Amino acid sequence: MKYRNFITKVLCFLLVFAAFVPYQAKAARKAEEEAENAAKIAEVEAANREVRKQMAEAENASPYTDGVYEGTAEGFGGPVSVEVTIDGGDITEIRLLDVSGEDPAYLMQVESLLDQMLQTQGVDVDTISGATFTSKGLIHAVTEALRKARR
Amino acid sequence: MVQQNEQVKKPVPASVKRKTANRNKALMRAALQVLFFVTMPGAFVAGFNGIKYIFRTMGTGSVLEINSFAMVLIGLGGFTLLFGRFFCGYVCSFGALGDLVYWLSGLFQKKVLKKRKQFSLPKQALPVLQKLKYLNLAFIVLMTAAGRMESLHGTSPWDVFSRFTALKLPTADYLPGIICLILILIGMAVQSRFFCQFLCPLGAFFAVLPILPFAMLHRDAPNCLKGCSACKNTCPVGLKLETDGFRNGECISCGKCAGVCPKNNLQYPAATLFKNDIIYVLFRAAVFFGLGVWLGLCRFF
């Protein structure tokens, strides 16, 4: 027939076109699933971020529990006692309780250590030359108190 | 004897009229090809990008969207359904390049080599060679769907040609494409519409479209002169016009056959709506120009 070639081409064309419909449906479903997955992944990642944030905050948190703690250590002429106050996780006060074994002259020298320890919020301070034993007594006493204060 | 004062004009023979008309039509076609070359040289690449987009998307199983490339493909395809492969015959810059190269080659052969007839490949070879473009289309489509187009980077002669139409030189990574283009140019010099017939993947797509019979050339066969093969001899894509050449997707709607027929036996049914086929050509050119601008193919607006 005269238009056989045309009719054949039209039929093929329509078949090809018809095949696009199920393809689009399938692709749309796949896109939907991928969007759902992406949403779930985003949720999990947000939760992970939250946990990591909390962990970081905990690390920065002070190792000390609030309260007042006593510490004693051997000084020059006897035991040295100190009282350390922890407030808000920080060392807020260091008080000398019993320093009877130490000479006042040396005590005056090592008093600056108390301020230093408050400033550095720890015991990483150098001993005062010439007053090594008193310095060490004080430092070790504070260390003992802080050991008690640790969580 | 009556003294004739007025000059009696010799009637112009139909054959001369036809030759003049054909020359005018050829000039008009060349002018339109130049117009589209200057305004829309990238139209064929954009159209083929639409095909590649569809298969690349289907290769990843993603949703198909009507983006600008898909629109160009739909536009070109729709235009071809209504008007036949007018795009190939009048608009496509690569086809125009093929016409130009073949014409220059003919000039050279006739004037310099003094050949009587321009060289072209044997006609029996054409139907076989014309099938190659379907293989080319299938290959590119499969590679695109498999997401392997990157391995073909630099091989496309169209990419190289596009660089030239943008008045730029291609970069060194396009060497395979440059060699391809040179080989194609040689082919264009020995066979009319060499690329279009044997290699063009977009042409392969157009050739399988169900072009409306309304838009295809029809021949009033009983009216033909016995032994005349004027249409067949002039057809640039080697259609066996005395059989079913018009229902063949190879026809690029250039209209040369209609122009050369001594009995005016070849017509587009659509053209009968217009005064003559020149108007029909201009009409289609105007429609495509508007379509091209709307699709964003024109580099000026």
# chains A, B, ... in the order shown; residues from 1 in each chain; ligands from 1

$ interface_residues --of "chain A" --to "chain B" --cutoff "9 Å" --atoms "only C-alpha atoms" --output "VMD selection string"
chain A and resid 3 5 to 13 23 to 28 30 to 31

$ write_last_selection --atoms "N, CA, C and O atoms" --output "JSON list (two decimals), in the first residue's frame"
[["chain", "number", "residue", "atom", "x", "y", "z"],
["A", 3, "TYR", "N", 1.09, 4.05, 1.62],
["A", 3, "TYR", "CA", 1.66, 4.68, 2.80],
["A", 3, "TYR", "C", 2.22, 3.67, 3.79],
["A", 3, "TYR", "O", 2.35, 3.95, 4.97],
["A", 5, "ASN", "N", 5.20, 2.51, 4.24],
["A", 5, "ASN", "CA", 6.44, 2.96, 4.87],
["A", 5, "ASN", "C", 6.14, 3.93, 6.00],
["A", 5, "ASN", "O", 6.68, 3.83, 7.10],
["A", 6, "PHE", "N", 5.20, 4.88, 5.72],
["A", 6, "PHE", "CA", 4.86, 5.88, 6.72],
["A", 6, "PHE", "C", 4.20, 5.23, 7.94],
["A", 6, "PHE", "O", 4.55, 5.54, 9.08],
["A", 7, "ILE", "N", 3.25, 4.33, 7.70],
["A", 7, "ILE", "CA", 2.53, 3.69, 8.81],
["A", 7, "ILE", "C", 3.51, 2.90, 9.69],
["A", 7, "ILE", "O", 3.45, 2.96, 10.91],
["A", 8, "THR", "N", 4.45, 2.19, 9.04],
["A", 8, "THR", "CA", 5.44, 1.43, 9.82],
["A", 8, "THR", "C", 6.23, 2.36, 10.72],
["A", 8, "THR", "O", 6.42, 2.09, 11.90],
["A", 9, "LYS", "N", 6.67, 3.47, 10.13],
["A", 9, "LYS", "CA", 7.47, 4.41, 10.91],
["A", 9, "LYS", "C", 6.66, 5.00, 12.07],
["A", 9, "LYS", "O", 7.17, 5.16, 13.18],
["A", 10, "VAL", "N", 5.38, 5.30, 11.80],
["A", 10, "VAL", "CA", 4.54, 5.86, 12.86],
["A", 10, "VAL", "C", 4.40, 4.87, 14.00],
["A", 10, "VAL", "O", 4.52, 5.23, 15.17],
["A", 11, "LEU", "N", 4.16, 3.60, 13.66],
["A", 11, "LEU", "CA", 4.01, 2.58, 14.70],
["A", 11, "LEU", "C", 5.28, 2.45, 15.53],
["A", 11, "LEU", "O", 5.22, 2.42, 16.77],
["A", 12, "CYS", "N", 6.43, 2.41, 14.86],
["A", 12, "CYS", "CA", 7.69, 2.31, 15.60],
["A", 12, "CYS", "C", 7.87, 3.51, 16.52],
["A", 12, "CYS", "O", 8.25, 3.39, 17.68],
["A", 13, "PHE", "N", 7.57, 4.69, 15.97],
["A", 13, "PHE", "CA", 7.70, 5.94, 16.71],
["A", 13, "PHE", "C", 6.83, 5.90, 17.96],
["A", 13, "PHE", "O", 7.26, 6.24, 19.05],
["A", 23, "TYR", "N", 9.37, 4.13, 31.77],
["A", 23, "TYR", "CA", 10.72, 4.53, 32.19],
["A", 23, "TYR", "C", 10.65, 5.72, 33.14],
["A", 23, "TYR", "O", 11.29, 5.73, 34.20],
["A", 24, "GLN", "N", 9.87, 6.73, 32.77],
["A", 24, "GLN", "CA", 9.76, 7.93, 33.61],
["A", 24, "GLN", "C", 9.20, 7.58, 34.98],
["A", 24, "GLN", "O", 9.67, 8.09, 36.01],
["A", 25, "ALA", "N", 8.19, 6.66, 35.01],
["A", 25, "ALA", "CA", 7.59, 6.27, 36.28],
["A", 25, "ALA", "C", 8.65, 5.63, 37.17],
["A", 25, "ALA", "O", 8.78, 5.95, 38.36],
["A", 26, "LYS", "N", 9.43, 4.72, 36.55],
["A", 26, "LYS", "CA", 10.47, 4.03, 37.33],
["A", 26, "LYS", "C", 11.52, 5.01, 37.81],
["A", 26, "LYS", "O", 11.98, 4.96, 38.96],
["A", 27, "ALA", "N", 11.92, 5.91, 36.95],
["A", 27, "ALA", "CA", 12.95, 6.88, 37.31],
["A", 27, "ALA", "C", 12.46, 7.81, 38.41],
["A", 27, "ALA", "O", 13.21, 8.18, 39.31],
["A", 28, "ALA", "N", 11.15, 8.15, 38.36],
["A", 28, "ALA", "CA", 10.59, 9.03, 39.39],
["A", 28, "ALA", "C", 10.59, 8.32, 40.73],
["A", 28, "ALA", "O", 10.91, 8.92, 41.76],
["A", 30, "LYS", "N", 12.62, 5.94, 41.63],
["A", 30, "LYS", "CA", 14.01, 5.86, 42.07],
["A", 30, "LYS", "C", 14.45, 7.19, 42.68],
["A", 30, "LYS", "O", 15.12, 7.22, 43.72],
["A", 31, "ALA", "N", 14.05, 8.29, 42.06],
["A", 31, "ALA", "CA", 14.42, 9.62, 42.55],
["A", 31, "ALA", "C", 13.82, 9.85, 43.92],
["A", 31, "ALA", "O", 14.46, 10.42, 44.81]]

$ residues_around --residues "Ala58 of chain A" --least-positions-apart "6" --cutoff "12 Å" --atoms "only C-alpha atoms" --output "list of chain:residue names"
A:Val51, A:Arg52, A:Gly89

$ write_last_selection --atoms "N, CA and C atoms" --output "compact mmCIF listing (two decimals), in the first residue's frame"
# COMPACT_ATOMS: atom_id res chain seq x y z
N VAL A 51 26.22 14.51 68.94
CA VAL A 51 26.98 13.67 69.87
C VAL A 51 28.43 14.13 69.93
N ARG A 52 29.00 14.41 68.78
CA ARG A 52 30.40 14.84 68.75
C ARG A 52 30.56 16.14 69.51
N GLY A 89 34.03 24.10 88.64
CA GLY A 89 35.05 23.37 87.93
C GLY A 89 36.42 24.04 88.01

$ select_by_dssp --residues "chain A" --states "strand (DSSP E or B)" --output "PyMOL selection string"
chain A and resi 64+67-74+79-87+90-98+150

$ select_by_dssp --residues "segment 4-141 of chain A" --states "helix (DSSP H, G or I)" --output "PyMOL selection string"
chain A and resi 4-60+104-120+132-141

$ atom_distance --atom1 "atom CA of Pro104 of chain A" --atom2 "atom CA of Ala73 of chain A"
17.7 Å

$ residues_around --residues "segment 140-148 of chain A" --least-positions-apart "2" --cutoff "8 Å" --atoms "only C-alpha atoms" --output "MDAnalysis selection string"
chainID A and resid 64 69:74 80:84 94 123 136:138 150

$ atom_distance --atom1 "atom CA of Arg29 of chain B" --atom2 "atom CA of Pro222 of chain B"
29.4 Å

$ decode --residues "segment 277-288 of chain B" --atoms "N, CA, C and O atoms" --output "CSV table (one decimal), in the first residue's frame"
chain,number,residue,atom,x,y,z
B,277,ASP,N,6.8,26.8,-5.7
B,277,ASP,CA,7.6,26.1,-4.6
B,277,ASP,C,8.7,27.0,-4.1
B,277,ASP,O,9.2,26.8,-3.0
B,278,ILE,N,9.0,28.1,-4.7
B,278,ILE,CA,9.9,29.1,-4.1
B,278,ILE,C,9.3,29.7,-2.9
B,278,ILE,O,9.9,29.8,-1.8
B,279,ILE,N,8.0,30.0,-3.0
B,279,ILE,CA,7.3,30.6,-1.8
B,279,ILE,C,7.3,29.5,-0.7
B,279,ILE,O,7.5,29.8,0.5
B,280,TYR,N,7.1,28.3,-1.0
B,280,TYR,CA,7.1,27.2,0.0
B,280,TYR,C,8.4,27.1,0.7
B,280,TYR,O,8.5,26.9,1.9
B,281,VAL,N,9.5,27.2,-0.1
B,281,VAL,CA,10.8,27.2,0.5
B,281,VAL,C,11.0,28.4,1.5
B,281,VAL,O,11.5,28.2,2.6
B,282,LEU,N,10.6,29.6,1.0
B,282,LEU,CA,10.8,30.7,1.9
B,282,LEU,C,9.9,30.6,3.1
B,282,LEU,O,10.3,31.0,4.2
B,283,PHE,N,8.7,30.0,3.0
B,283,PHE,CA,7.9,29.8,4.1
B,283,PHE,C,8.5,28.9,5.2
B,283,PHE,O,8.6,29.3,6.3
B,284,ARG,N,9.1,27.8,4.7
B,284,ARG,CA,9.7,26.9,5.6
B,284,ARG,C,10.9,27.5,6.3
B,284,ARG,O,11.2,27.3,7.5
B,285,ALA,N,11.7,28.3,5.5
B,285,ALA,CA,12.9,29.0,6.0
B,285,ALA,C,12.5,29.9,7.1
B,285,ALA,O,13.1,30.0,8.2
B,286,ALA,N,11.4,30.7,6.9
B,286,ALA,CA,10.9,31.6,7.9
B,286,ALA,C,10.4,30.9,9.1
B,286,ALA,O,10.8,31.3,10.3
B,287,VAL,N,9.7,29.8,9.0
B,287,VAL,CA,9.2,29.1,10.1
B,287,VAL,C,10.4,28.6,10.9
B,287,VAL,O,10.5,28.7,12.2
B,288,PHE,N,11.4,28.0,10.2
B,288,PHE,CA,12.5,27.5,11.0
B,288,PHE,C,13.3,28.6,11.6
B,288,PHE,O,13.8,28.4,12.7
